[in-house]
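Trainee: File name work-v2.cif; file contents mmCIF, C-alpha atoms; full text below.
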data_model
#
loop_
_atom_site.label_atom_id
_atom_site.label_comp_id
_atom_site.auth_asym_id
_atom_site.auth_seq_id
_atom_site.Cartn_x
_atom_site.Cartn_y
_atom_site.Cartn_z
CA MET A 1 55.78 -23.73 45.28
CA LYS A 2 52.19 -23.86 46.46
CA LYS A 3 50.86 -23.89 42.87
CA ARG A 4 53.29 -26.68 41.95
CA GLY A 5 52.10 -28.69 44.98
CA ASN A 6 48.47 -28.21 44.01
CA LEU A 7 49.22 -29.28 40.44
CA LYS A 8 50.96 -32.44 41.70
CA TYR A 9 47.97 -33.22 43.93
CA CYS A 10 45.53 -32.80 41.03
CA VAL A 11 47.60 -35.10 38.81
CA ILE A 12 47.61 -37.79 41.52
CA VAL A 13 43.85 -37.50 41.96
CA LEU A 14 43.27 -37.82 38.21
CA ILE A 15 45.51 -40.88 37.96
CA LEU A 16 43.79 -42.57 40.89
CA SER A 17 40.37 -41.78 39.43
CA TRP A 18 41.38 -43.32 36.10
CA VAL A 19 42.80 -46.45 37.75
CA LEU A 20 39.99 -46.98 40.23
CA SER A 21 36.98 -46.00 38.13
CA PRO A 22 36.41 -49.47 36.61
CA VAL A 23 36.61 -51.10 40.06
CA LEU A 24 34.31 -48.56 41.65
CA ALA A 25 31.88 -48.80 38.75
CA GLN A 26 31.75 -52.57 39.11
CA GLN A 27 31.16 -52.31 42.86
CA ALA A 28 28.46 -49.68 42.39
CA ASN A 29 26.81 -51.83 39.75
CA THR A 30 26.73 -54.83 42.10
CA LEU A 31 25.39 -52.75 44.98
CA SER A 32 22.61 -51.31 42.79
CA HIS A 33 21.09 -54.71 42.01
CA ARG A 34 17.93 -55.56 43.91
CA TYR A 35 18.81 -59.23 43.40
CA LYS A 36 22.19 -60.71 44.30
CA VAL A 37 23.33 -64.22 43.49
CA ALA A 38 25.17 -66.70 45.70
CA ALA A 39 25.83 -70.44 46.01
CA CYS A 40 25.95 -72.92 48.90
CA ASP A 41 29.48 -73.81 50.00
CA TRP A 42 28.59 -77.35 51.10
CA MET A 43 27.03 -78.20 47.74
CA MET A 44 30.16 -76.89 46.00
CA LEU A 45 32.20 -79.30 48.18
CA LYS A 46 33.74 -76.31 50.00
CA ARG A 47 32.05 -76.47 53.40
CA GLN A 48 33.95 -74.03 55.65
CA LYS A 49 36.99 -74.13 53.37
CA LEU A 50 38.89 -70.97 52.45
CA GLY A 51 38.70 -72.00 48.82
CA GLU A 52 34.98 -71.23 48.76
CA PHE A 53 35.72 -67.52 48.32
CA LYS A 54 38.11 -67.99 45.41
CA LEU A 55 35.70 -70.44 43.77
CA SER A 56 32.74 -68.10 44.27
CA HIS A 57 34.77 -65.31 42.66
CA GLU A 58 35.73 -67.53 39.72
CA ILE A 59 32.14 -68.55 38.96
CA GLY A 60 30.99 -64.92 39.16
CA ALA A 61 28.90 -65.11 42.33
CA ASP A 62 28.24 -62.05 44.46
CA GLY A 63 28.35 -64.13 47.63
CA VAL A 64 28.45 -67.55 49.23
CA GLU A 65 26.14 -69.16 51.77
CA MET A 66 28.48 -70.58 54.40
CA ASP A 67 27.60 -73.68 56.36
CA MET A 68 28.03 -74.04 60.12
CA GLY A 69 29.89 -77.30 59.59
CA GLY A 70 28.81 -80.88 60.05
CA LEU A 71 26.63 -81.93 62.98
CA GLY A 72 26.32 -85.69 62.66
CA LYS A 73 25.49 -87.10 66.10
CA ARG A 74 27.49 -84.41 67.92
CA ASP A 75 26.13 -81.86 70.38
CA THR A 76 27.79 -78.99 68.50
CA PHE A 77 28.58 -78.05 64.92
CA ASP A 78 32.05 -78.80 63.58
CA ASN A 79 32.56 -75.07 63.24
CA LYS A 80 36.03 -73.67 62.47
CA LEU A 81 34.81 -70.18 63.30
CA HIS A 82 34.83 -70.94 67.01
CA GLN A 83 38.50 -69.93 66.76
CA VAL A 84 39.55 -66.29 66.40
CA TYR A 85 42.35 -67.27 64.02
CA PHE A 86 39.88 -68.73 61.51
CA GLN A 87 37.44 -65.87 62.02
CA GLU A 88 40.04 -63.36 60.91
CA LEU A 89 41.33 -65.58 58.11
CA PHE A 90 37.87 -66.17 56.63
CA LYS A 91 36.92 -62.50 56.84
CA LYS A 92 40.21 -61.43 55.24
CA THR A 93 39.85 -63.94 52.41
CA ALA A 94 36.23 -63.00 51.73
CA ALA A 95 37.24 -59.34 51.51
CA GLU A 96 40.18 -60.19 49.24
CA TYR A 97 37.86 -61.79 46.69
CA GLN A 98 35.03 -59.29 47.32
CA ILE A 99 32.61 -62.09 48.21
CA GLU A 100 29.77 -61.39 50.64
CA VAL A 101 28.34 -63.90 53.09
CA PRO A 102 24.58 -63.21 53.07
CA SER A 103 23.66 -66.22 55.16
CA ILE A 104 24.88 -69.00 57.43
CA ALA A 105 23.34 -72.44 56.99
CA MET A 106 22.64 -75.09 59.60
CA SER A 107 22.54 -77.92 57.08
CA GLY A 108 23.20 -80.39 59.90
CA PHE A 109 19.46 -80.21 60.58
CA TYR A 110 18.76 -82.03 57.35
CA GLY A 111 19.90 -85.10 59.28
CA GLN A 112 19.32 -84.25 62.94
CA SER A 113 15.98 -83.19 64.34
CA PHE A 114 15.65 -79.60 65.48
CA LEU A 115 12.52 -80.78 67.28
CA LYS A 116 14.40 -83.33 69.41
CA HIS A 117 17.95 -82.01 69.73
CA ARG A 118 18.65 -81.40 73.42
CA ASN A 119 21.23 -78.72 72.66
CA TYR A 120 19.22 -76.60 70.22
CA ARG A 121 19.63 -73.28 72.08
CA VAL A 122 23.41 -73.65 72.12
CA LEU A 123 23.39 -74.47 68.40
CA ILE A 124 21.27 -71.42 67.59
CA ASP A 125 23.54 -69.22 69.72
CA ASP A 126 26.57 -70.63 67.91
CA CYS A 127 24.98 -69.83 64.56
CA ILE A 128 24.12 -66.27 65.62
CA LYS A 129 27.69 -65.63 66.73
CA THR A 130 29.01 -67.01 63.44
CA MET A 131 26.61 -64.74 61.53
CA GLN A 132 27.92 -61.75 63.44
CA VAL A 133 31.52 -62.71 62.67
CA MET A 134 30.86 -62.95 58.92
CA GLY A 135 28.36 -60.09 58.69
CA ALA A 136 25.46 -62.33 57.64
CA LYS A 137 21.89 -61.26 58.39
CA ILE A 138 20.09 -64.53 57.67
CA ALA A 139 20.42 -68.09 58.96
CA TYR A 140 19.13 -71.10 57.04
CA LEU A 141 17.35 -73.74 59.13
CA PRO A 142 15.94 -76.78 57.27
CA LEU A 143 13.35 -78.76 59.21
CA GLY A 144 13.86 -81.92 57.16
CA GLY A 145 15.42 -83.78 60.07
CA CYS A 146 12.22 -83.32 62.09
CA GLY A 147 10.32 -85.78 59.93
CA ASN A 148 6.65 -85.21 59.13
CA ASP A 149 4.86 -86.20 62.35
CA TRP A 150 4.87 -82.62 63.62
CA LYS A 151 2.66 -81.66 60.67
CA THR A 152 -0.19 -83.83 61.97
CA ASP A 153 0.58 -84.41 65.66
CA ASP A 154 -0.63 -81.46 67.76
CA GLU A 155 1.79 -82.04 70.65
CA GLN A 156 4.86 -82.26 68.41
CA ARG A 157 3.75 -79.20 66.49
CA ARG A 158 3.34 -77.19 69.72
CA ARG A 159 6.81 -78.28 70.79
CA LEU A 160 8.34 -77.28 67.44
CA VAL A 161 6.51 -73.96 67.43
CA SER A 162 7.81 -73.25 70.95
CA ARG A 163 11.40 -74.00 69.93
CA LEU A 164 11.16 -71.88 66.81
CA HIS A 165 9.72 -68.99 68.82
CA VAL A 166 12.70 -69.17 71.19
CA ALA A 167 15.16 -69.34 68.27
CA GLY A 168 13.40 -66.46 66.52
CA GLU A 169 13.52 -64.24 69.57
CA MET A 170 17.23 -65.02 70.01
CA ALA A 171 17.87 -63.92 66.43
CA HIS A 172 15.55 -60.90 66.52
CA SER A 173 17.22 -59.52 69.65
CA GLU A 174 20.41 -59.26 67.55
CA GLY A 175 18.68 -57.80 64.50
CA LEU A 176 18.91 -61.09 62.60
CA VAL A 177 16.48 -63.51 60.92
CA ILE A 178 16.28 -67.30 60.80
CA GLY A 179 14.78 -68.61 57.58
CA ILE A 180 13.06 -71.98 57.90
CA ARG A 181 12.48 -74.53 55.14
CA THR A 182 9.37 -76.46 56.09
CA GLY A 183 8.12 -78.53 53.17
CA LEU A 184 4.68 -76.96 53.64
CA SER A 185 2.57 -75.04 51.15
CA ALA A 186 2.55 -71.25 51.24
CA LYS A 187 -0.80 -71.15 53.06
CA GLU A 188 0.44 -73.65 55.65
CA ASP A 189 3.66 -71.68 56.05
CA ILE A 190 1.68 -68.55 56.83
CA LYS A 191 -0.28 -70.41 59.48
CA LEU A 192 2.93 -71.75 61.00
CA LEU A 193 4.53 -68.29 61.08
CA GLU A 194 1.47 -66.93 62.88
CA GLN A 195 1.77 -69.68 65.48
CA ILE A 196 5.50 -69.07 65.96
CA ASN A 197 4.82 -65.36 66.42
CA SER A 198 8.37 -64.07 66.17
CA GLU A 199 9.79 -61.41 63.86
CA GLY A 200 13.02 -63.39 63.89
CA ILE A 201 11.49 -66.28 61.92
CA GLN A 202 10.65 -66.06 58.21
CA ILE A 203 10.43 -68.50 55.32
CA TYR A 204 13.53 -69.48 53.39
CA PHE A 205 11.73 -70.26 50.16
CA SER A 206 12.80 -73.33 48.18
CA VAL A 207 11.96 -73.45 44.48
CA GLN A 208 12.84 -77.16 44.47
CA GLU A 209 10.38 -77.82 47.31
CA ALA A 210 7.53 -76.22 45.37
CA LEU A 211 8.36 -78.16 42.21
CA ASP A 212 8.83 -81.51 43.97
CA ASN A 213 5.41 -81.14 45.60
CA LYS A 214 3.71 -80.17 42.32
CA ARG A 215 2.79 -76.72 43.58
CA ASP A 216 2.36 -73.63 41.43
CA LEU A 217 5.71 -71.93 42.04
CA TYR A 218 4.54 -68.45 41.04
CA LYS A 219 1.35 -68.58 43.12
CA GLU A 220 3.32 -69.83 46.12
CA LEU A 221 5.59 -66.81 45.93
CA LYS A 222 2.62 -64.46 45.56
CA THR A 223 0.76 -66.05 48.49
CA LEU A 224 3.72 -65.80 50.85
CA GLY A 225 4.40 -62.21 49.86
CA ARG A 226 7.39 -59.96 50.24
CA LYS A 227 7.61 -59.72 54.02
CA ARG A 228 7.54 -63.44 54.81
CA ILE A 229 10.37 -64.54 52.48
CA CYS A 230 13.85 -63.76 53.78
CA GLN A 231 15.85 -65.56 51.09
CA ILE A 232 15.41 -68.00 48.20
CA HIS A 233 17.11 -71.24 47.22
CA ILE A 234 16.57 -70.98 43.49
CA SER A 235 17.39 -74.54 42.45
CA GLU A 236 15.68 -77.74 41.50
CA THR A 237 16.46 -81.42 41.84
CA ASP A 238 19.63 -82.43 40.03
CA GLY A 239 19.21 -83.36 36.39
CA VAL A 240 19.98 -80.28 34.35
CA THR A 241 21.45 -76.87 35.07
CA LEU A 242 19.05 -73.94 35.39
CA PRO A 243 19.40 -72.62 31.81
CA HIS A 244 18.16 -75.99 30.55
CA SER A 245 15.35 -76.48 33.05
CA LYS A 246 11.91 -77.06 31.58
CA ASN A 247 10.27 -76.74 35.00
CA ILE A 248 11.12 -73.13 35.85
CA ASP A 249 10.31 -70.03 33.83
CA MET A 250 12.97 -67.86 35.42
CA HIS A 251 11.74 -64.69 33.74
CA ARG A 252 8.31 -65.33 35.22
CA VAL A 253 9.89 -65.84 38.65
CA LYS A 254 11.58 -62.45 38.32
CA GLU A 255 8.33 -60.85 37.13
CA GLN A 256 6.51 -62.21 40.18
CA LEU A 257 9.21 -61.07 42.60
CA ASP A 258 9.25 -57.64 40.94
CA LYS A 259 5.49 -57.33 41.39
CA MET A 260 5.84 -58.28 45.05
CA GLY A 261 8.54 -55.67 45.57
CA TRP A 262 10.85 -58.35 46.92
CA SER A 263 14.62 -57.93 46.86
CA GLY A 264 17.42 -60.01 48.29
CA TRP A 265 19.65 -63.01 47.67
CA LEU A 266 19.02 -65.86 45.25
CA VAL A 267 21.11 -68.83 46.33
CA VAL A 268 21.97 -71.79 44.11
CA GLU A 269 21.78 -75.01 46.12
CA ARG A 270 22.01 -77.63 43.38
CA SER A 271 20.66 -77.97 39.77
CA ARG A 272 23.58 -79.98 38.41
CA ASP A 273 23.99 -81.82 35.14
CA ALA A 274 23.18 -85.44 35.98
CA GLY A 275 25.91 -86.63 33.64
CA ASP A 276 28.58 -84.43 35.20
CA VAL A 277 27.44 -83.88 38.80
CA ARG A 278 30.86 -83.28 40.36
CA ASN A 279 31.97 -80.65 37.85
CA VAL A 280 31.43 -77.80 40.29
CA LYS A 281 32.78 -74.95 38.18
CA LYS A 282 30.73 -75.95 35.15
CA ASN A 283 27.44 -76.53 36.98
CA PHE A 284 27.50 -73.67 39.45
CA GLY A 285 29.18 -71.30 37.02
CA MET A 286 26.44 -71.91 34.45
CA ASN A 287 23.70 -71.44 37.06
CA ILE A 288 25.21 -68.24 38.43
CA ARG A 289 25.72 -66.72 34.97
CA TYR A 290 22.16 -67.55 33.97
CA LEU A 291 20.62 -66.05 37.11
CA LYS A 292 22.67 -62.89 36.65
CA GLU A 293 21.53 -62.59 33.04
CA VAL A 294 17.89 -62.88 34.08
CA PHE A 295 17.88 -60.94 37.36
CA GLN A 296 20.69 -58.41 36.96
CA ASP A 297 21.21 -57.76 33.26
CA ALA A 298 17.55 -57.66 32.21
CA LYS A 299 16.24 -54.17 31.51
#
Show me the file's structure as structure tokens.

Mentor:
Amino acid sequence: MKKRGNLKYCVIVLILSWVLSPVLAQQANTLSHRYKVAACDWMMLKRQKLGEFKLSHEIGADGVEMDMGGLGKRDTFDNKLHQVYFQELFKKTAAEYQIEVPSIAMSGFYGQSFLKHRNYRVLIDDCIKTMQVMGAKIAYLPLGGCGNDWKTDDEQRRRLVSRLHVAGEMAHSEGLVIGIRTGLSAKEDIKLLEQINSEGIQIYFSVQEALDNKRDLYKELKTLGRKRICQIHISETDGVTLPHSKNIDMHRVKEQLDKMGWSGWLVVERSRDAGDVRNVKKNFGMNIRYLKEVFQDAK
């Protein structure tokens, strides 16, 4: 009887191994990549919608950058994940489609000023809690809503630096990082980081920003270096999808990142066909597939 039981056990193990091996191989393959690819939920018209996980799965993404929700003129983000019900539902759905959430974005600060918002500590705390719910390690904080005066006005710059130091220390105390998009050159970013003086603040590098400001994309990456870049928006201004871009040599980007020893998430923010901007599956699917070919399939 014991031998028969052992034989039955071995048969079950063999069957399970045969059934699960493709799934496990795929998961292991994804985990082995030094570069993973995601897309922004708000640019895919799925801001804090459950459908973002299914869509991300369908276009072949490894993850999705979730937004905190709209801010407008409110004191708080319009964040569904304040509620336990939605926390559990979003986590369950992400797991169902095997989609990671590498980062949480505060895109509301494209329109509102982080420099002037009276409630900024509460907003940062809200973001940190949302990151912890979804298992994200990085927050995206664009400084576009701050305008440009802080770049030349000493008092405004000191005030911004002080706020970013506070935000960075809040994140660092929880083992997290806030990535800022500044609009500055790499050398100016380094100076700003030194002034902020917090391990919780790094640069969220924007390929589009470098291109729009006529900077040498590859030198900018090299100058910033591996330790200052927490994540990368690897997009450009809408016009064509990434495979058809004449402004980015994606293989050269990979070569530069390889030389730096950088690894992490490449996040598609835009790069849409100007003649078919709202065709989300086509545009983002094409961008994701192309980035995976260059950064994951290349030998």

Trainee: Given all atoms listed in the file as the basis, pick out the residue of A:Tyr290, A:Phe77, A:Tyr110, A:Trp265 nearest to His251 (chain A).

Mentor: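 Ranking A:Tyr290, A:Phe77, A:Tyr110, A:Trp265 by distance to His251 (chain A), first place goes to A:Tyr290.
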
Trainee: What do you get, as an NGL selection string, if you spell out every residue that the PyMOL selection byres ((chain A and resi 284) around 9) selects here?

Mentor: :A and (39 or 44 or 59 or 241 or 268-272 or 279-283 or 285-289)

Trainee: For region 165-167 of chain A, find every residue with an atom within 7 Å (counting all atoms listed in the file), except residues of its own chain fewer than 2 positions away, and show them as a list of chain:residue names.

Mentor: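 Skipping anything fewer than 2 positions along the chain leaves A:Ile124, A:Val161, A:Ser162, A:Arg163, A:Glu169, A:Met170, A:Ala171, A:Ile196, A:Asn197, A:Ser198.
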
Trainee: Given the file above and the PyMOL selection byres ((chain A and resi 111-113) around 8), which residues are selected, and can you give them as a VMD selection string?

Mentor: chain A and resid 71 to 73 107 to 110 114 to 117 143 to 147

Trainee: For this file, the PyMOL selection byres ((chain A and resi 61-64) around 9) selects which residues, as a PyMOL selection string?

Mentor: chain A and resi 30+36-41+52-53+55-60+65-66+94+98-103+265+267+285+288-289+292

Trainee: Quick one, how far is CA of Glu220 (chain A) from CA of Ala136 (chain A)?

Mentor: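 That distance, rounded to one decimal, is 26.1 Å.
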
Trainee: Could you give me the centre and size, in Å to one decimal, of an axis-aligned box around all listed atoms of region 235-254 of chain A with 6 Å added on every side, as lines of an AutoDock Vina configuration file?

Mentor:
center_x = 14.9
center_y = -72.9
center_z = 36.5
size_x = 25.1
size_y = 32.9
size_z = 23.9

Trainee: In Å to one decimal, how far is CA of Gly264 (chain A) from CA of Val240 (chain A)?

Mentor: 24.7 Å

Trainee: A:Asp189, A:Met106, A:Leu184, A:Arg34: which is nearest Gln296 (chain A), counting only C-alpha atoms?

Mentor: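 Closest to Gln296 (chain A), using only C-alpha atoms: A:Arg34.
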
Trainee: Taking all atoms listed in the file into account, name the residue in A:Leu193, A:Ala186, A:Ile180, A:Ile201 that is nearest to Arg215 (chain A).

Mentor: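 Closest to Arg215 (chain A) of all the choices is A:Ala186.
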
Trainee: Expressed in Å to a single decimal, how great is the separation between CA of Asp216 (chain A) and CA of Asp258 (chain A)?

Mentor: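 Separation between CA of Asp216 (chain A) and CA of Asp258 (chain A): 17.4 Å.
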